[in-house]
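Below is one structure, written out as structure tokens; the observations come after it.
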Amino acid sequence: MKPSPAQHAEIQAAVAALRRGECIGLPTETVYGLAADARDPQAVTRIFALKKRPADHPVIVHLPRSARLSEYAASVPEAARKLARAFWPGPLTLILPRAGWVPDIVTGGQKTVGLRMPAHPVAQAVLQAFGGGLAAPSANRFGRISPTRAEHVRAEFGESLPIILDGGDSEVGIESTIVDLSGPTPRILRPGMIGREAIEAVIGPLADADASPAPRVSGALDKHYAPRARLRLLPRDRLGDDGIFRVLVLGEMPGGWEGLSLPAEPVAYAHGLYAALRELDGEDGREIRVETLPEGAAWDALRDRLRRAAAGSGGES
Ligand code: TXA
Ligand code: MG
């Protein structure tokens, strides 16, 4: 799907804003990003201010299709090239040793940089026209649910973010898989819809997640991706009939309950999850009861997000 002529004009305006050092709301296939010029430390500082995110957390640099990894990374191991060939453009972020010029504010002062080539046609159109990398975390306030629609980004930032490009529903629906290739053995820092098996099929066995001290990854904080209301994970037979709550169930919605259902299939579930959580997170603060997910590796990233959402829910984050 190519951007329409009307979108083309909006993309030009967005690129002009980026050149002035401003932030924009950018659609990607995973979630919407809050993007700024990765070469401009002042522009990236504005991202942190808008998100109210601690300034020592690194952000991912999004690359145009034409970019070369060696522009951004001091060294590029063969495994990184293989993963980029297999999965880019797409929902995979590679952590590599940073090139010397990459600003500290982008890397959180670490010796590594996170790189991703998004597949969304609007994101790629912006990146190509801009002609450089864009630093972009998810376009939500720190600790909150990532946005998968332009209206979610508007709800997070209102008038403080004048330009939000509308690229429709994010197709994947949860954040990219992050693979750290800066150490001796590659490992997953954040699970995503590109699963461990798919990655190991390309580069061989990965290290266990906790094999060495992890660099700072805010997506790895125990409390993250959280609604305002309390969120609890419960098996279907314990979702309960007590109290006032809304449910998020798998498959068919049982009669008599208020809430939403998502398909009992991981790709479709991921696509709908964050919009569903935002909808269930009502003004009345009613508890959200989410049906426990099935076993199996295909659900790993979703189990991870819901566990953190539960930990951070209820205004305790
Ligand atoms: O799908 C995604 O990755 C979305 C879209 C917008 O691309 N972005 C996203 O960004 O989820 P953010 O900032 O919400 O999460 C990025 C994660 C953070 O947990 C951050 O700490 C980690 O990537 N990260 C970035 N650079 C890193 C680095 N050099 N080393 C370790 N972790 C890094
Ligand atoms: Mg985020």
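Here, A, B, ... name the chains of the structure tokens in the order displayed, residue numbers run from 1 inside each chain, and ligands are numbered from 1 in the same displayed order.
Residues of range 124-246 of chain A assigned to alpha helix (DSSP H) by DSSP on this structure's backbone: Gln124, Ala125, Val126, Leu127, Gln128, Ala129, Phe130, Ala150, Glu151, His152, Val153, Arg154, Ala155, Glu156, Phe157, Arg196, Glu197, Ala198, Ile199, Glu200, Ala201, Val202 and Ile203 of chain A.
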Closest contacts (chain A/ligand 2, max 10 Å, only C-alpha atoms and all ligand atoms) as CSV:
residue,atom,partner,partner_atom_place_in_ligand_line,distance
A:Val31,CA,ligand 2,1 (Mg),8.9
A:Tyr32,CA,ligand 2,1 (Mg),9.6
A:Gly33,CA,ligand 2,1 (Mg),8.6
A:Leu34,CA,ligand 2,1 (Mg),9.8
A:Lys51,CA,ligand 2,1 (Mg),9.5
A:Arg53,CA,ligand 2,1 (Mg),9.6
A:Val59,CA,ligand 2,1 (Mg),9.1
A:Ala136,CA,ligand 2,1 (Mg),9.3
A:Pro137,CA,ligand 2,1 (Mg),5.6
A:Ser138,CA,ligand 2,1 (Mg),4.3
A:Ala139,CA,ligand 2,1 (Mg),7.2
A:Asn140,CA,ligand 2,1 (Mg),6.9
A:Arg141,CA,ligand 2,1 (Mg),8.3
A:Phe142,CA,ligand 2,1 (Mg),7.1
A:Gly143,CA,ligand 2,1 (Mg),7.2
A:Arg144,CA,ligand 2,1 (Mg),7.8
A:Ile145,CA,ligand 2,1 (Mg),7.8
A:Ser146,CA,ligand 2,1 (Mg),6.1
A:Pro147,CA,ligand 2,1 (Mg),9.2
A:Ile174,CA,ligand 2,1 (Mg),9.7
A:Glu175,CA,ligand 2,1 (Mg),7.5
A:Val217,CA,ligand 2,1 (Mg),9.5
A:Ser218,CA,ligand 2,1 (Mg),7.2
A:Gly219,CA,ligand 2,1 (Mg),6.1
A:Ala220,CA,ligand 2,1 (Mg),9.8
A:His224,CA,ligand 2,1 (Mg),8.2
A:Tyr225,CA,ligand 2,1 (Mg),7.4
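Each of A:Gly167, A:Val122, A:His8, A:Ala79 was compared to Pro205 in chain A using only C-alpha atoms, and A:Ala79 turns out to be the nearest.
Proximity to Arg308 in chain A was assessed for A:Pro58, A:Gly192, A:Pro227, A:Pro41 counting only C-alpha atoms; the smallest distance is recorded for A:Pro227.
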Write out as a list in words each polymer residue whose atoms come within 7 Å of Ser182 in chain A, counting only C-alpha atoms; drop sequence neighbours fewer than 3 positions from it.
-> Ile95, Leu96 and Pro97 of chain A
Residues from last step as file, N, CA, C and O atoms, as a short mmCIF file (atom, residue, chain, number, x, y, z; two decimals), in the first residue's frame:
data_model
loop_
_atom_site.label_atom_id
_atom_site.label_comp_id
_atom_site.auth_asym_id
_atom_site.auth_seq_id
_atom_site.Cartn_x
_atom_site.Cartn_y
_atom_site.Cartn_z
N ILE A 95 20.55 -4.94 18.54
CA ILE A 95 21.45 -4.14 19.38
C ILE A 95 22.88 -4.44 18.95
O ILE A 95 23.32 -5.59 19.00
N LEU A 96 23.58 -3.37 18.52
CA LEU A 96 24.94 -3.51 18.00
C LEU A 96 25.86 -2.48 18.66
O LEU A 96 25.38 -1.47 19.18
N PRO A 97 27.18 -2.72 18.59
CA PRO A 97 28.10 -1.68 19.10
C PRO A 97 27.87 -0.39 18.32
O PRO A 97 27.77 -0.41 17.10
#
Using only C-alpha atoms, determine which residues lie at most 9 Å from Pro103 in chain A, disregarding the query and same-chain residues fewer than 2 positions distant; provide the list as a ChimeraX atom specification.
-> /A:38-41,100-101,105-109
Quick one: distance from CA of Glu197 in chain A to CA of Glu265 in chain A in Å, one decimal?
-> 17.7 Å
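Of the listed residues (A:Gly285, A:Gly133, A:Pro162, A:Pro121), A:Pro162 comes nearest to Ala13 in chain A; the distances count only C-alpha atoms.
CA of Ile199 in chain A is found 23.1 Å from CA of Ser66 in chain A.
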Between CA of Gln42 in chain A and CA of Gly21 in chain A - distance in Å to one decimal = 7.3 Å
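Between His62 in chain A and the residues A:Val113, A:Arg46, A:Leu134, A:Ala6, the shortest atom-to-atom distance, using only C-alpha atoms, involves A:Leu134.
The residue that comes closest to His57 in chain A, out of A:Thr185, A:Ser176, A:Gln12, A:Gln110 and on the basis of only C-alpha atoms, is A:Gln110.
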A:Arg154, A:Arg20, A:Lys111, A:Arg81 ranked by distance to ligand 1, top pick (using only C-alpha atoms and all ligand atoms) | A:Lys111
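By chain and then residue number, the residues within 10 Å of Ala275 in chain A are Ile145, Ser146, Pro147, Thr148, Arg149, His152, Asp169, Gly173, Ala270, Leu280 and Asp281 of chain A, counting only C-alpha atoms and disregarding those fewer than 5 positions away in sequence.
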Name the residues in contact with Leu181 in chain A at a cut-off of 10 Å, using only C-alpha atoms, excluding same-chain residues fewer than 3 positions from it; report them as a VMD selection string.
-> chain A and resid 76 to 80 94 to 97 112 114 178 184 to 188 206
Would you mind listing what lies within 10 Å of range 127-129 of chain A as an mmCIF file with N, CA and C atoms, in the first residue's frame, with only C-alpha atoms counted and same-chain residues fewer than 6 positions away left out?
data_model
loop_
_atom_site.group_PDB
_atom_site.id
_atom_site.type_symbol
_atom_site.label_atom_id
_atom_site.label_comp_id
_atom_site.auth_asym_id
_atom_site.auth_seq_id
_atom_site.Cartn_x
_atom_site.Cartn_y
_atom_site.Cartn_z
ATOM 1 N N ILE A 11 3.198 13.851 4.685
ATOM 2 C CA ILE A 11 4.542 13.314 4.906
ATOM 3 C C ILE A 11 5.587 14.412 4.691
ATOM 4 N N GLN A 12 5.382 15.239 3.653
ATOM 5 C CA GLN A 12 6.317 16.355 3.419
ATOM 6 C C GLN A 12 6.339 17.305 4.614
ATOM 7 N N ALA A 14 5.609 16.552 7.688
ATOM 8 C CA ALA A 14 6.244 15.849 8.805
ATOM 9 C C ALA A 14 7.765 15.896 8.673
ATOM 10 N N VAL A 15 8.245 15.717 7.461
ATOM 11 C CA VAL A 15 9.697 15.740 7.237
ATOM 12 C C VAL A 15 10.240 17.142 7.524
ATOM 13 N N ALA A 16 9.494 18.169 7.114
ATOM 14 C CA ALA A 16 9.923 19.549 7.399
ATOM 15 C C ALA A 16 10.010 19.774 8.910
ATOM 16 N N HIS A 62 15.332 4.159 13.888
ATOM 17 C CA HIS A 62 14.620 3.576 12.753
ATOM 18 C C HIS A 62 15.304 3.994 11.462
ATOM 19 N N LEU A 63 15.508 3.038 10.579
ATOM 20 C CA LEU A 63 16.332 3.277 9.397
ATOM 21 C C LEU A 63 15.533 3.207 8.103
ATOM 22 N N PRO A 64 15.912 4.078 7.129
ATOM 23 C CA PRO A 64 15.345 3.919 5.783
ATOM 24 C C PRO A 64 15.902 2.647 5.132
ATOM 25 N N ARG A 65 15.169 2.125 4.156
ATOM 26 C CA ARG A 65 15.598 0.907 3.466
ATOM 27 C C ARG A 65 17.009 1.008 2.904
ATOM 28 N N SER A 66 17.377 2.224 2.515
ATOM 29 C CA SER A 66 18.670 2.408 1.850
ATOM 30 C C SER A 66 19.834 2.455 2.841
ATOM 31 N N ALA A 67 19.542 2.474 4.153
ATOM 32 C CA ALA A 67 20.617 2.673 5.137
ATOM 33 C C ALA A 67 21.546 1.461 5.177
ATOM 34 N N MET A 117 14.614 -1.478 10.959
ATOM 35 C CA MET A 117 14.114 -0.978 9.683
ATOM 36 C C MET A 117 12.634 -1.330 9.604
ATOM 37 N N PRO A 118 11.744 -0.344 9.862
ATOM 38 C CA PRO A 118 10.312 -0.667 9.901
ATOM 39 C C PRO A 118 9.762 -0.942 8.498
ATOM 40 N N PRO A 121 4.644 1.315 5.185
ATOM 41 C CA PRO A 121 4.947 2.181 4.030
ATOM 42 C C PRO A 121 5.024 3.662 4.385
#
Test item, strand (DSSP E) assignment across range 161-210 of chain A, answer as number ranges by chain = A: 177-180, 187-190
